[in-house]
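The next block holds one structure in the form of structure tokens; read it before the comments.
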There are 2 protein chains.
Amino acid sequence: MTNTTQRRSRQSPTADELRIWRGFIETARELDARLSSRLHDESALSSGDYTVLLALSEAPGRRLRSSALAKAVDWERSRLSHHIRRMEGRGLIRRDDCAVDYRGAEVVMTDQGAQAFRSASVPHLRAVRELFVDALTPEQLDQVEDLTAALRTSLDASAPA
Amino acid sequence: MTNTTQRRSRQSPTADELRIWRGFIETARELDARLSSRLHDESALSSGDYTVLLALSEAPGRRLRSSALAKAVDWERSRLSHHIRRMEGRGLIRRDDCAVDYRGAEVVMTDQGAQAFRSASVPHLRAVRELFVDALTPEQLDQVEDLTAALRTSLDASAPA
DNA sequence: CACATTTGATTGACGTGTCAATCATGTACC
DNA sequence: GGTACATGATTGACACGTCAATCAAATGTG
């Protein structure tokens, strides 16, 4: 194990590697943007709204403590707080005081929120199938799983949450 | 070819497919966020700044018409316009009137911008290697290329830009 | 009990992104 | 040359995200 070997692995990517990286990240961004855009067109929900409503829909009583919701969607609390405020303004959720701990608020999905989520869900899932699942062979889908695992391992190994 | 077959391919993804999808998109987002964050910490450039400076650095005279720049980075014009205004405020670029067509402005990288780009570049590329290239085997890197191509084909087939 | 500390959540400032509207210059056509 | 249209770019309004500061209720410790 020479210094040269060590150093080589720390250098910049090759042109090919960089091309593959750019293709990957730009395609992922585009996919994400396209799905968000369709969601918004079809249901007037943003991708963030959908994420929040999905988490609430899976919670008992369609309600969660703000902190539990933040953990469920893996968002920073201030991000959630801002988003919740906007969603409350549009009647998708409501904030209740939490009886057992007056610091914490509970976020509750409203009927209107549940209705919006239901009507968004099917077209959104269909879009995921069209633009992702059906674009790949079953073998490729398995490859994605492995790739994701490898990348995530590396991300987790390298510091921040 | 029955209706059943046709219909099946239009249904929602299975639980496994959905899990793979979520893993994929969340990992891609996280990678993107992590690289942006490192870039910002190490060089005080945002990922958008870097993209713009990279495009300018590759242009003759380190300058481009605003529309050409928009095409080079594949951004909407209004997005570019907003970003350019902010970058100009920080001295990274400058806007010159274009002599041959007074509608169009030219965006020029300043020396300060070039300096910032140079010092950001090496650490950023190293981060791409660490978090992406080195996380995958050469075979996996090839797989990424194929996956990207498949997804892009499907995206291109399905309407917008 | 009083006080410091921790915990749950919100706020404000500011950078970023999208969309629709606008503005100014260039071009075509009569 | 003058009017209509196309083109290059900017603007304003508003949604979204991050960071640091703040606030209030809960908890621990003397």
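All residue names refer to the structure tokens as shown: chains lettered A, B, ... in order, residues numbered from 1 in each chain, ligands numbered from 1 in order.
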For the reference chain B, what are the coordinates of chain A after least-squares fitting (all Cα, in-order pairing), as a CSV table (one decimal) with N, CA and C atoms, in the first residue's frame?
```csv
chain,number,residue,atom,x,y,z
A,1,MET,N,-53.0,-10.1,-26.2
A,1,MET,CA,-52.9,-8.9,-25.4
A,1,MET,C,-54.3,-8.5,-24.9
A,2,THR,N,-54.5,-8.9,-23.7
A,2,THR,CA,-55.9,-8.7,-23.1
A,2,THR,C,-55.9,-7.3,-22.4
A,3,ASN,N,-57.1,-6.9,-22.1
A,3,ASN,CA,-57.2,-5.7,-21.3
A,3,ASN,C,-56.6,-5.8,-19.9
A,4,THR,N,-56.7,-7.0,-19.4
A,4,THR,CA,-56.1,-7.2,-18.1
A,4,THR,C,-54.6,-6.9,-18.1
A,5,THR,N,-53.9,-7.4,-19.1
A,5,THR,CA,-52.5,-7.2,-19.2
A,5,THR,C,-52.2,-5.7,-19.3
A,6,GLN,N,-53.0,-5.0,-20.2
A,6,GLN,CA,-52.8,-3.6,-20.3
A,6,GLN,C,-53.0,-2.9,-19.0
A,7,ARG,N,-54.1,-3.3,-18.3
A,7,ARG,CA,-54.4,-2.6,-17.1
A,7,ARG,C,-53.4,-2.8,-16.0
A,8,ARG,N,-52.9,-4.1,-16.0
A,8,ARG,CA,-51.9,-4.3,-14.9
A,8,ARG,C,-50.7,-3.4,-14.9
A,9,SER,N,-50.3,-3.1,-16.1
A,9,SER,CA,-49.1,-2.2,-16.2
A,9,SER,C,-49.4,-0.8,-15.9
A,10,ARG,N,-50.7,-0.5,-15.7
A,10,ARG,CA,-51.0,0.9,-15.3
A,10,ARG,C,-51.3,1.1,-13.8
A,11,GLN,N,-51.3,-0.1,-13.1
A,11,GLN,CA,-51.7,0.0,-11.7
A,11,GLN,C,-50.5,0.6,-10.9
A,12,SER,N,-50.8,0.7,-9.6
A,12,SER,CA,-49.8,1.2,-8.7
A,12,SER,C,-48.6,0.2,-8.6
A,13,PRO,N,-47.5,0.8,-8.2
A,13,PRO,CA,-46.4,-0.1,-7.9
A,13,PRO,C,-46.7,-1.1,-6.8
A,14,THR,N,-46.0,-2.2,-6.8
A,14,THR,CA,-46.1,-3.1,-5.6
A,14,THR,C,-45.3,-2.5,-4.4
A,15,ALA,N,-45.5,-3.1,-3.3
A,15,ALA,CA,-44.8,-2.6,-2.1
A,15,ALA,C,-43.3,-2.6,-2.3
A,16,ASP,N,-42.8,-3.6,-2.9
A,16,ASP,CA,-41.3,-3.7,-3.2
A,16,ASP,C,-40.9,-2.6,-4.1
A,17,GLU,N,-41.6,-2.5,-5.2
A,17,GLU,CA,-41.3,-1.4,-6.2
A,17,GLU,C,-41.3,-0.1,-5.5
A,18,LEU,N,-42.2,0.2,-4.7
A,18,LEU,CA,-42.4,1.5,-4.0
A,18,LEU,C,-41.2,1.7,-3.1
A,19,ARG,N,-40.8,0.7,-2.4
A,19,ARG,CA,-39.7,0.8,-1.5
A,19,ARG,C,-38.4,1.1,-2.2
A,20,ILE,N,-38.2,0.5,-3.4
A,20,ILE,CA,-37.0,0.7,-4.2
A,20,ILE,C,-37.1,2.1,-4.7
A,21,TRP,N,-38.2,2.6,-5.2
A,21,TRP,CA,-38.4,3.9,-5.6
A,21,TRP,C,-38.0,4.9,-4.6
A,22,ARG,N,-38.6,4.7,-3.4
A,22,ARG,CA,-38.3,5.7,-2.3
A,22,ARG,C,-36.9,5.7,-1.9
A,23,GLY,N,-36.3,4.5,-1.9
A,23,GLY,CA,-34.9,4.5,-1.5
A,23,GLY,C,-34.0,5.2,-2.6
A,24,PHE,N,-34.4,5.0,-3.8
A,24,PHE,CA,-33.6,5.7,-4.9
A,24,PHE,C,-33.7,7.2,-4.8
A,25,ILE,N,-34.9,7.7,-4.7
A,25,ILE,CA,-35.1,9.2,-4.8
A,25,ILE,C,-34.6,9.8,-3.5
A,26,GLU,N,-34.8,9.2,-2.4
A,26,GLU,CA,-34.3,9.8,-1.1
A,26,GLU,C,-32.8,9.8,-1.1
A,27,THR,N,-32.2,8.7,-1.6
A,27,THR,CA,-30.7,8.6,-1.6
A,27,THR,C,-30.1,9.7,-2.5
A,28,ALA,N,-30.8,9.8,-3.7
A,28,ALA,CA,-30.3,10.8,-4.6
A,28,ALA,C,-30.4,12.2,-4.0
A,29,ARG,N,-31.5,12.5,-3.4
A,29,ARG,CA,-31.7,13.8,-2.7
A,29,ARG,C,-30.7,14.1,-1.7
A,30,GLU,N,-30.4,13.0,-0.9
A,30,GLU,CA,-29.5,13.1,0.2
A,30,GLU,C,-28.1,13.4,-0.3
A,31,LEU,N,-27.7,12.6,-1.3
A,31,LEU,CA,-26.4,12.8,-2.0
A,31,LEU,C,-26.2,14.3,-2.4
A,32,ASP,N,-27.3,14.7,-3.1
A,32,ASP,CA,-27.3,16.1,-3.7
A,32,ASP,C,-27.1,17.1,-2.5
A,33,ALA,N,-27.9,16.9,-1.5
A,33,ALA,CA,-27.9,17.8,-0.4
A,33,ALA,C,-26.5,17.8,0.3
A,34,ARG,N,-25.9,16.7,0.4
A,34,ARG,CA,-24.7,16.5,1.1
A,34,ARG,C,-23.5,17.2,0.3
A,35,LEU,N,-23.6,17.0,-1.0
A,35,LEU,CA,-22.6,17.7,-1.8
A,35,LEU,C,-22.7,19.2,-1.8
A,36,SER,N,-24.0,19.7,-1.8
A,36,SER,CA,-24.2,21.1,-1.8
A,36,SER,C,-23.7,21.7,-0.5
A,37,SER,N,-24.0,21.0,0.6
A,37,SER,CA,-23.6,21.4,1.9
A,37,SER,C,-22.1,21.5,2.0
A,38,ARG,N,-21.4,20.5,1.6
A,38,ARG,CA,-20.0,20.6,1.6
A,38,ARG,C,-19.4,21.7,0.8
A,39,LEU,N,-20.0,21.8,-0.4
A,39,LEU,CA,-19.5,22.9,-1.3
A,39,LEU,C,-19.7,24.3,-0.6
A,40,HIS,N,-20.8,24.4,0.0
A,40,HIS,CA,-21.1,25.7,0.7
A,40,HIS,C,-20.1,25.9,1.9
A,41,ASP,N,-19.9,24.9,2.6
A,41,ASP,CA,-19.0,25.0,3.8
A,41,ASP,C,-17.6,25.3,3.3
A,42,GLU,N,-17.2,24.7,2.3
A,42,GLU,CA,-15.8,24.8,1.9
A,42,GLU,C,-15.4,26.0,1.0
A,43,SER,N,-16.5,26.5,0.4
A,43,SER,CA,-16.1,27.6,-0.6
A,43,SER,C,-17.1,28.7,-0.6
A,44,ALA,N,-18.2,28.7,0.2
A,44,ALA,CA,-19.2,29.7,0.2
A,44,ALA,C,-19.9,29.9,-1.2
A,45,LEU,N,-19.9,28.8,-1.9
A,45,LEU,CA,-20.6,28.8,-3.2
A,45,LEU,C,-21.8,27.8,-3.0
A,46,SER,N,-23.0,28.2,-3.5
A,46,SER,CA,-24.1,27.3,-3.6
A,46,SER,C,-23.9,26.4,-4.8
A,47,SER,N,-24.6,25.4,-4.8
A,47,SER,CA,-24.6,24.4,-5.9
A,47,SER,C,-25.0,25.1,-7.3
A,48,GLY,N,-25.9,26.1,-7.2
A,48,GLY,CA,-26.3,26.8,-8.4
A,48,GLY,C,-25.2,27.7,-8.8
A,49,ASP,N,-24.5,28.4,-7.9
A,49,ASP,CA,-23.3,29.2,-8.2
A,49,ASP,C,-22.3,28.4,-9.0
A,50,TYR,N,-22.0,27.2,-8.4
A,50,TYR,CA,-21.0,26.3,-9.0
A,50,TYR,C,-21.4,26.0,-10.5
A,51,THR,N,-22.6,25.6,-10.7
A,51,THR,CA,-23.1,25.3,-12.0
A,51,THR,C,-22.9,26.4,-13.0
A,52,VAL,N,-23.3,27.6,-12.6
A,52,VAL,CA,-23.1,28.8,-13.4
A,52,VAL,C,-21.7,29.0,-13.7
A,53,LEU,N,-20.8,29.0,-12.7
A,53,LEU,CA,-19.4,29.3,-12.9
A,53,LEU,C,-18.7,28.2,-13.8
A,54,LEU,N,-19.2,27.0,-13.6
A,54,LEU,CA,-18.6,25.9,-14.4
A,54,LEU,C,-18.9,26.2,-15.9
A,55,ALA,N,-20.1,26.5,-16.2
A,55,ALA,CA,-20.5,26.8,-17.6
A,55,ALA,C,-19.7,28.0,-18.1
A,56,LEU,N,-19.6,29.0,-17.3
A,56,LEU,CA,-18.9,30.2,-17.8
A,56,LEU,C,-17.4,29.9,-18.0
A,57,SER,N,-16.8,29.1,-17.1
A,57,SER,CA,-15.4,28.8,-17.2
A,57,SER,C,-15.1,28.0,-18.5
A,58,GLU,N,-16.1,27.3,-19.0
A,58,GLU,CA,-15.8,26.6,-20.2
A,58,GLU,C,-16.1,27.4,-21.5
A,59,ALA,N,-16.6,28.6,-21.3
A,59,ALA,CA,-17.0,29.4,-22.4
A,59,ALA,C,-15.8,30.3,-22.9
A,60,PRO,N,-15.7,30.6,-24.1
A,60,PRO,CA,-14.6,31.4,-24.6
A,60,PRO,C,-14.8,32.8,-24.0
A,61,GLY,N,-13.7,33.3,-23.4
A,61,GLY,CA,-13.7,34.6,-22.8
A,61,GLY,C,-14.4,34.6,-21.5
A,62,ARG,N,-14.7,33.4,-20.9
A,62,ARG,CA,-15.5,33.3,-19.7
A,62,ARG,C,-16.8,34.2,-19.7
A,63,ARG,N,-17.4,34.3,-20.9
A,63,ARG,CA,-18.6,35.1,-21.0
A,63,ARG,C,-19.6,34.4,-21.9
A,64,LEU,N,-20.9,34.5,-21.6
A,64,LEU,CA,-21.9,33.9,-22.4
A,64,LEU,C,-23.2,34.8,-22.5
A,65,ARG,N,-23.9,34.8,-23.6
A,65,ARG,CA,-25.2,35.5,-23.6
A,65,ARG,C,-26.0,34.8,-22.6
A,66,SER,N,-26.9,35.5,-22.0
A,66,SER,CA,-27.8,35.0,-21.0
A,66,SER,C,-28.6,33.8,-21.5
A,67,SER,N,-29.0,33.9,-22.7
A,67,SER,CA,-29.8,32.7,-23.3
A,67,SER,C,-28.9,31.5,-23.5
A,68,ALA,N,-27.7,31.7,-23.9
A,68,ALA,CA,-26.8,30.6,-24.1
A,68,ALA,C,-26.4,30.0,-22.8
A,69,LEU,N,-26.3,30.8,-21.8
A,69,LEU,CA,-26.0,30.3,-20.4
A,69,LEU,C,-27.2,29.5,-19.9
A,70,ALA,N,-28.4,30.0,-20.2
A,70,ALA,CA,-29.6,29.2,-19.7
A,70,ALA,C,-29.6,27.9,-20.4
A,71,LYS,N,-29.2,27.8,-21.7
A,71,LYS,CA,-29.3,26.5,-22.4
A,71,LYS,C,-28.1,25.6,-21.8
A,72,ALA,N,-27.0,26.2,-21.6
A,72,ALA,CA,-25.8,25.4,-21.1
A,72,ALA,C,-26.1,24.7,-19.8
A,73,VAL,N,-26.8,25.4,-18.9
A,73,VAL,CA,-27.1,24.8,-17.6
A,73,VAL,C,-28.5,24.2,-17.5
A,74,ASP,N,-29.2,24.4,-18.6
A,74,ASP,CA,-30.6,23.8,-18.6
A,74,ASP,C,-31.5,24.3,-17.5
A,75,TRP,N,-31.5,25.7,-17.4
A,75,TRP,CA,-32.4,26.3,-16.5
A,75,TRP,C,-33.4,27.2,-17.2
A,76,GLU,N,-34.5,27.4,-16.6
A,76,GLU,CA,-35.5,28.4,-17.1
A,76,GLU,C,-34.8,29.8,-17.0
A,77,ARG,N,-35.3,30.6,-17.9
A,77,ARG,CA,-34.6,31.9,-18.0
A,77,ARG,C,-34.9,32.7,-16.7
A,78,SER,N,-36.1,32.7,-16.2
A,78,SER,CA,-36.3,33.5,-15.0
A,78,SER,C,-35.5,33.0,-13.8
A,79,ARG,N,-35.3,31.7,-13.8
A,79,ARG,CA,-34.5,31.2,-12.7
A,79,ARG,C,-33.1,31.7,-12.8
A,80,LEU,N,-32.6,31.7,-14.0
A,80,LEU,CA,-31.2,32.2,-14.3
A,80,LEU,C,-31.1,33.6,-13.9
A,81,SER,N,-32.1,34.4,-14.4
A,81,SER,CA,-32.1,35.8,-14.1
A,81,SER,C,-32.1,36.1,-12.7
A,82,HIS,N,-32.9,35.5,-11.9
A,82,HIS,CA,-32.8,35.7,-10.4
A,82,HIS,C,-31.5,35.3,-9.9
A,83,HIS,N,-31.0,34.2,-10.3
A,83,HIS,CA,-29.7,33.7,-9.7
A,83,HIS,C,-28.5,34.6,-10.1
A,84,ILE,N,-28.5,35.1,-11.3
A,84,ILE,CA,-27.5,36.0,-11.8
A,84,ILE,C,-27.5,37.3,-11.0
A,85,ARG,N,-28.7,37.8,-10.7
A,85,ARG,CA,-28.8,39.0,-9.9
A,85,ARG,C,-28.1,38.8,-8.6
A,86,ARG,N,-28.4,37.7,-7.9
A,86,ARG,CA,-27.8,37.4,-6.6
A,86,ARG,C,-26.3,37.3,-6.8
A,87,MET,N,-25.9,36.5,-7.8
A,87,MET,CA,-24.4,36.3,-8.0
A,87,MET,C,-23.7,37.7,-8.3
A,88,GLU,N,-24.4,38.5,-9.0
A,88,GLU,CA,-23.8,39.8,-9.3
A,88,GLU,C,-23.6,40.6,-8.0
A,89,GLY,N,-24.6,40.5,-7.2
A,89,GLY,CA,-24.5,41.2,-5.9
A,89,GLY,C,-23.3,40.8,-5.1
A,90,ARG,N,-22.9,39.5,-5.3
A,90,ARG,CA,-21.8,39.0,-4.5
A,90,ARG,C,-20.5,39.1,-5.3
A,91,GLY,N,-20.5,39.7,-6.4
A,91,GLY,CA,-19.3,40.0,-7.2
A,91,GLY,C,-18.8,38.8,-7.9
A,92,LEU,N,-19.6,37.7,-8.1
A,92,LEU,CA,-19.1,36.5,-8.8
A,92,LEU,C,-19.1,36.6,-10.3
A,93,ILE,N,-20.1,37.4,-10.8
A,93,ILE,CA,-20.3,37.6,-12.2
A,93,ILE,C,-20.6,39.1,-12.4
A,94,ARG,N,-20.7,39.5,-13.7
A,94,ARG,CA,-21.0,40.9,-14.0
A,94,ARG,C,-21.9,40.8,-15.3
A,95,ARG,N,-22.8,41.7,-15.5
A,95,ARG,CA,-23.6,41.7,-16.7
A,95,ARG,C,-23.1,42.9,-17.6
A,96,ASP,N,-22.8,42.6,-18.8
A,96,ASP,CA,-22.4,43.6,-19.8
A,96,ASP,C,-23.5,43.7,-20.8
A,97,ASP,N,-23.7,44.8,-21.4
A,97,ASP,CA,-24.6,44.9,-22.5
A,97,ASP,C,-24.0,44.3,-23.7
A,98,CYS,N,-24.8,43.7,-24.5
A,98,CYS,CA,-24.3,43.0,-25.7
A,98,CYS,C,-24.3,43.9,-26.9
A,99,ALA,N,-23.2,44.2,-27.5
A,99,ALA,CA,-23.1,45.2,-28.5
A,99,ALA,C,-23.9,44.9,-29.8
A,100,VAL,N,-24.0,43.6,-30.1
A,100,VAL,CA,-24.7,43.2,-31.4
A,100,VAL,C,-26.2,43.1,-31.3
A,101,ASP,N,-26.7,43.0,-30.1
A,101,ASP,CA,-28.1,42.9,-29.9
A,101,ASP,C,-28.5,43.5,-28.5
A,102,TYR,N,-29.0,44.7,-28.5
A,102,TYR,CA,-29.2,45.4,-27.2
A,102,TYR,C,-30.3,44.8,-26.4
A,103,ARG,N,-31.0,43.7,-26.9
A,103,ARG,CA,-31.9,43.0,-26.0
A,103,ARG,C,-31.1,42.2,-25.0
A,104,GLY,N,-30.1,41.5,-25.6
A,104,GLY,CA,-29.4,40.5,-24.8
A,104,GLY,C,-28.3,41.0,-23.9
A,105,ALA,N,-28.1,40.5,-22.7
A,105,ALA,CA,-27.0,40.9,-21.9
A,105,ALA,C,-26.0,39.7,-22.0
A,106,GLU,N,-24.8,40.1,-21.7
A,106,GLU,CA,-23.7,39.0,-21.6
A,106,GLU,C,-23.4,38.9,-20.1
A,107,VAL,N,-23.2,37.6,-19.7
A,107,VAL,CA,-22.8,37.3,-18.4
A,107,VAL,C,-21.3,37.0,-18.4
A,108,VAL,N,-20.6,37.7,-17.6
A,108,VAL,CA,-19.1,37.6,-17.6
A,108,VAL,C,-18.7,37.1,-16.2
A,109,MET,N,-17.8,36.1,-16.1
A,109,MET,CA,-17.3,35.7,-14.8
A,109,MET,C,-16.2,36.8,-14.4
A,110,THR,N,-16.3,37.2,-13.2
A,110,THR,CA,-15.3,38.2,-12.7
A,110,THR,C,-14.1,37.4,-12.2
A,111,ASP,N,-13.0,38.1,-12.0
A,111,ASP,CA,-11.8,37.5,-11.4
A,111,ASP,C,-12.1,36.8,-10.1
A,112,GLN,N,-12.9,37.5,-9.3
A,112,GLN,CA,-13.3,36.9,-8.0
A,112,GLN,C,-14.1,35.7,-8.2
A,113,GLY,N,-15.0,35.7,-9.2
A,113,GLY,CA,-15.7,34.5,-9.5
A,113,GLY,C,-14.8,33.3,-10.0
A,114,ALA,N,-13.9,33.6,-10.8
A,114,ALA,CA,-12.9,32.6,-11.3
A,114,ALA,C,-12.1,32.0,-10.1
A,115,GLN,N,-11.7,32.9,-9.2
A,115,GLN,CA,-11.0,32.5,-8.1
A,115,GLN,C,-11.8,31.6,-7.2
A,116,ALA,N,-13.0,32.0,-6.9
A,116,ALA,CA,-13.9,31.2,-6.1
A,116,ALA,C,-14.2,29.8,-6.7
A,117,PHE,N,-14.4,29.8,-8.0
A,117,PHE,CA,-14.6,28.6,-8.7
A,117,PHE,C,-13.4,27.6,-8.6
A,118,ARG,N,-12.2,28.2,-8.9
A,118,ARG,CA,-11.0,27.4,-8.8
A,118,ARG,C,-10.9,26.7,-7.4
A,119,SER,N,-11.1,27.5,-6.4
A,119,SER,CA,-10.8,26.9,-5.1
A,119,SER,C,-11.9,26.0,-4.6
A,120,ALA,N,-13.1,26.1,-5.3
A,120,ALA,CA,-14.2,25.2,-4.9
A,120,ALA,C,-14.1,23.9,-5.7
A,121,SER,N,-13.5,24.0,-6.8
A,121,SER,CA,-13.5,22.8,-7.7
A,121,SER,C,-12.9,21.6,-7.2
A,122,VAL,N,-11.7,21.6,-6.8
A,122,VAL,CA,-11.0,20.4,-6.3
A,122,VAL,C,-11.7,19.7,-5.2
A,123,PRO,N,-12.0,20.5,-4.1
A,123,PRO,CA,-12.7,19.8,-3.0
A,123,PRO,C,-14.1,19.2,-3.4
A,124,HIS,N,-14.7,19.9,-4.3
A,124,HIS,CA,-16.0,19.4,-4.8
A,124,HIS,C,-15.9,18.1,-5.6
A,125,LEU,N,-14.9,18.1,-6.5
A,125,LEU,CA,-14.7,16.9,-7.3
A,125,LEU,C,-14.3,15.7,-6.4
A,126,ARG,N,-13.5,16.1,-5.4
A,126,ARG,CA,-13.1,15.0,-4.4
A,126,ARG,C,-14.3,14.5,-3.7
A,127,ALA,N,-15.2,15.4,-3.4
A,127,ALA,CA,-16.4,14.9,-2.7
A,127,ALA,C,-17.3,14.0,-3.5
A,128,VAL,N,-17.3,14.4,-4.8
A,128,VAL,CA,-18.1,13.5,-5.7
A,128,VAL,C,-17.5,12.1,-5.8
A,129,ARG,N,-16.2,12.1,-5.8
A,129,ARG,CA,-15.5,10.8,-5.8
A,129,ARG,C,-15.8,10.1,-4.5
A,130,GLU,N,-15.6,10.7,-3.4
A,130,GLU,CA,-15.8,10.0,-2.1
A,130,GLU,C,-17.2,9.5,-2.0
A,131,LEU,N,-18.2,10.3,-2.3
A,131,LEU,CA,-19.6,10.0,-1.9
A,131,LEU,C,-20.3,9.2,-3.1
A,132,PHE,N,-19.8,9.2,-4.2
A,132,PHE,CA,-20.5,8.6,-5.3
A,132,PHE,C,-19.5,7.5,-6.0
A,133,VAL,N,-18.5,8.0,-6.6
A,133,VAL,CA,-17.7,7.1,-7.4
A,133,VAL,C,-17.1,6.0,-6.6
A,134,ASP,N,-16.5,6.4,-5.4
A,134,ASP,CA,-15.8,5.4,-4.6
A,134,ASP,C,-16.8,4.5,-3.8
A,135,ALA,N,-18.0,4.9,-3.8
A,135,ALA,CA,-19.0,4.1,-3.1
A,135,ALA,C,-19.5,2.9,-3.9
A,136,LEU,N,-19.2,3.0,-5.2
A,136,LEU,CA,-19.7,2.0,-6.1
A,136,LEU,C,-18.5,1.2,-6.8
A,137,THR,N,-18.8,0.0,-7.1
A,137,THR,CA,-17.8,-0.8,-7.9
A,137,THR,C,-17.8,-0.3,-9.3
A,138,PRO,N,-16.8,-0.6,-10.1
A,138,PRO,CA,-16.8,-0.2,-11.5
A,138,PRO,C,-18.0,-0.8,-12.2
A,139,GLU,N,-18.4,-2.0,-11.9
A,139,GLU,CA,-19.5,-2.7,-12.5
A,139,GLU,C,-20.8,-1.9,-12.2
A,140,GLN,N,-20.9,-1.5,-10.9
A,140,GLN,CA,-22.1,-0.7,-10.5
A,140,GLN,C,-22.1,0.6,-11.2
A,141,LEU,N,-21.0,1.2,-11.4
A,141,LEU,CA,-20.9,2.5,-12.2
A,141,LEU,C,-21.4,2.3,-13.6
A,142,ASP,N,-21.1,1.2,-14.2
A,142,ASP,CA,-21.6,1.0,-15.5
A,142,ASP,C,-23.1,0.8,-15.5
A,143,GLN,N,-23.6,0.1,-14.4
A,143,GLN,CA,-25.0,-0.1,-14.3
A,143,GLN,C,-25.8,1.2,-14.2
A,144,VAL,N,-25.1,2.2,-13.4
A,144,VAL,CA,-25.8,3.5,-13.3
A,144,VAL,C,-25.9,4.1,-14.6
A,145,GLU,N,-24.9,4.0,-15.5
A,145,GLU,CA,-25.0,4.6,-16.8
A,145,GLU,C,-26.2,4.0,-17.6
A,146,ASP,N,-26.4,2.7,-17.5
A,146,ASP,CA,-27.5,2.1,-18.2
A,146,ASP,C,-28.8,2.5,-17.6
A,147,LEU,N,-28.9,2.5,-16.3
A,147,LEU,CA,-30.2,2.9,-15.7
A,147,LEU,C,-30.5,4.3,-16.0
A,148,THR,N,-29.6,5.2,-16.0
A,148,THR,CA,-29.8,6.6,-16.3
A,148,THR,C,-30.3,6.7,-17.8
A,149,ALA,N,-29.7,6.0,-18.7
A,149,ALA,CA,-30.1,6.0,-20.0
A,149,ALA,C,-31.6,5.5,-20.2
A,150,ALA,N,-31.9,4.5,-19.5
A,150,ALA,CA,-33.3,3.9,-19.5
A,150,ALA,C,-34.3,4.9,-19.0
A,151,LEU,N,-34.0,5.5,-17.9
A,151,LEU,CA,-34.9,6.5,-17.3
A,151,LEU,C,-35.0,7.7,-18.2
A,152,ARG,N,-33.9,8.2,-18.7
A,152,ARG,CA,-34.0,9.4,-19.5
A,152,ARG,C,-34.8,9.1,-20.8
A,153,THR,N,-34.7,7.9,-21.4
A,153,THR,CA,-35.5,7.6,-22.6
A,153,THR,C,-36.9,7.7,-22.2
A,154,SER,N,-37.3,7.1,-21.1
A,154,SER,CA,-38.7,7.2,-20.7
A,154,SER,C,-39.2,8.6,-20.4
A,155,LEU,N,-38.3,9.4,-19.8
A,155,LEU,CA,-38.7,10.8,-19.5
A,155,LEU,C,-38.9,11.6,-20.8
A,156,ASP,N,-38.0,11.4,-21.7
A,156,ASP,CA,-38.0,12.1,-23.0
A,156,ASP,C,-39.3,11.7,-23.8
A,157,ALA,N,-39.6,10.4,-23.7
A,157,ALA,CA,-40.8,9.9,-24.4
A,157,ALA,C,-42.1,10.5,-23.8
A,158,SER,N,-42.0,10.7,-22.5
A,158,SER,CA,-43.3,11.2,-21.9
A,158,SER,C,-43.4,12.7,-21.8
A,159,ALA,N,-43.5,13.3,-22.9
A,159,ALA,CA,-43.8,14.8,-22.9
A,159,ALA,C,-42.7,15.7,-22.6
A,160,PRO,N,-42.9,16.6,-21.6
A,160,PRO,CA,-42.1,17.9,-21.4
A,160,PRO,C,-40.6,17.7,-21.6
A,161,ALA,N,-40.0,18.8,-22.0
A,161,ALA,CA,-38.5,18.8,-22.2
A,161,ALA,C,-37.8,18.3,-21.1
```
What residues in chain D have any atom no more than 10 Å from chain A when counting only C-alpha atoms (C1' of nucleotides), and can you write them as a compact mmCIF listing (two decimals) with N, CA and C atoms (P, O5', C5', C4', C3', O3' and C1' of nucleotides), in the first residue's frame?
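Generated output (selection29.txt):
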```txt
# COMPACT_ATOMS: atom_id res chain seq x y z
P DA D 15 -48.13 31.01 -1.41
O5' DA D 15 -47.31 29.65 -1.55
C5' DA D 15 -47.43 28.88 -2.73
C4' DA D 15 -46.20 28.02 -2.88
C3' DA D 15 -45.82 27.26 -1.61
O3' DA D 15 -45.50 25.92 -1.98
C1' DA D 15 -43.97 28.55 -2.36
P DC D 16 -45.27 24.79 -0.92
O5' DC D 16 -43.68 24.81 -0.74
C5' DC D 16 -42.86 24.43 -1.82
C4' DC D 16 -41.43 24.68 -1.47
C3' DC D 16 -40.98 24.08 -0.12
O3' DC D 16 -39.97 23.14 -0.39
C1' DC D 16 -40.13 26.26 -0.44
P DG D 17 -39.37 22.16 0.67
O5' DG D 17 -38.04 22.93 1.09
C5' DG D 17 -36.91 22.93 0.25
C4' DG D 17 -35.72 23.48 1.00
C3' DG D 17 -35.54 22.88 2.40
O3' DG D 17 -34.20 22.39 2.50
C1' DG D 17 -35.63 25.28 2.50
P DT D 18 -33.58 21.90 3.86
O5' DT D 18 -32.84 23.23 4.34
C5' DT D 18 -31.85 23.81 3.51
C4' DT D 18 -31.08 24.84 4.30
C3' DT D 18 -30.67 24.36 5.69
O3' DT D 18 -29.31 24.73 5.91
C1' DT D 18 -31.90 26.38 5.85
P DC D 19 -28.51 24.12 7.15
O5' DC D 19 -28.27 25.44 8.04
C5' DC D 19 -27.87 26.64 7.40
C4' DC D 19 -28.06 27.80 8.36
C3' DC D 19 -27.76 27.46 9.83
O3' DC D 19 -26.74 28.34 10.30
C1' DC D 19 -29.87 28.56 9.63
P DA D 24 -42.84 33.24 25.75
O5' DA D 24 -43.50 31.83 26.09
C5' DA D 24 -44.12 31.08 25.06
C4' DA D 24 -44.20 29.65 25.51
C3' DA D 24 -44.45 29.48 27.00
O3' DA D 24 -45.34 28.41 27.18
C1' DA D 24 -42.49 28.36 26.42
P DA D 25 -46.12 28.23 28.58
O5' DA D 25 -45.87 26.69 28.88
C5' DA D 25 -46.22 25.74 27.88
C4' DA D 25 -45.39 24.52 28.06
C3' DA D 25 -45.51 23.91 29.45
O3' DA D 25 -45.70 22.52 29.29
C1' DA D 25 -43.24 24.28 28.95
P DA D 26 -45.88 21.55 30.52
O5' DA D 26 -44.43 20.94 30.68
C5' DA D 26 -43.99 19.99 29.72
C4' DA D 26 -42.64 19.44 30.09
C3' DA D 26 -42.58 18.69 31.42
O3' DA D 26 -41.87 17.49 31.18
C1' DA D 26 -40.92 20.37 31.35
```
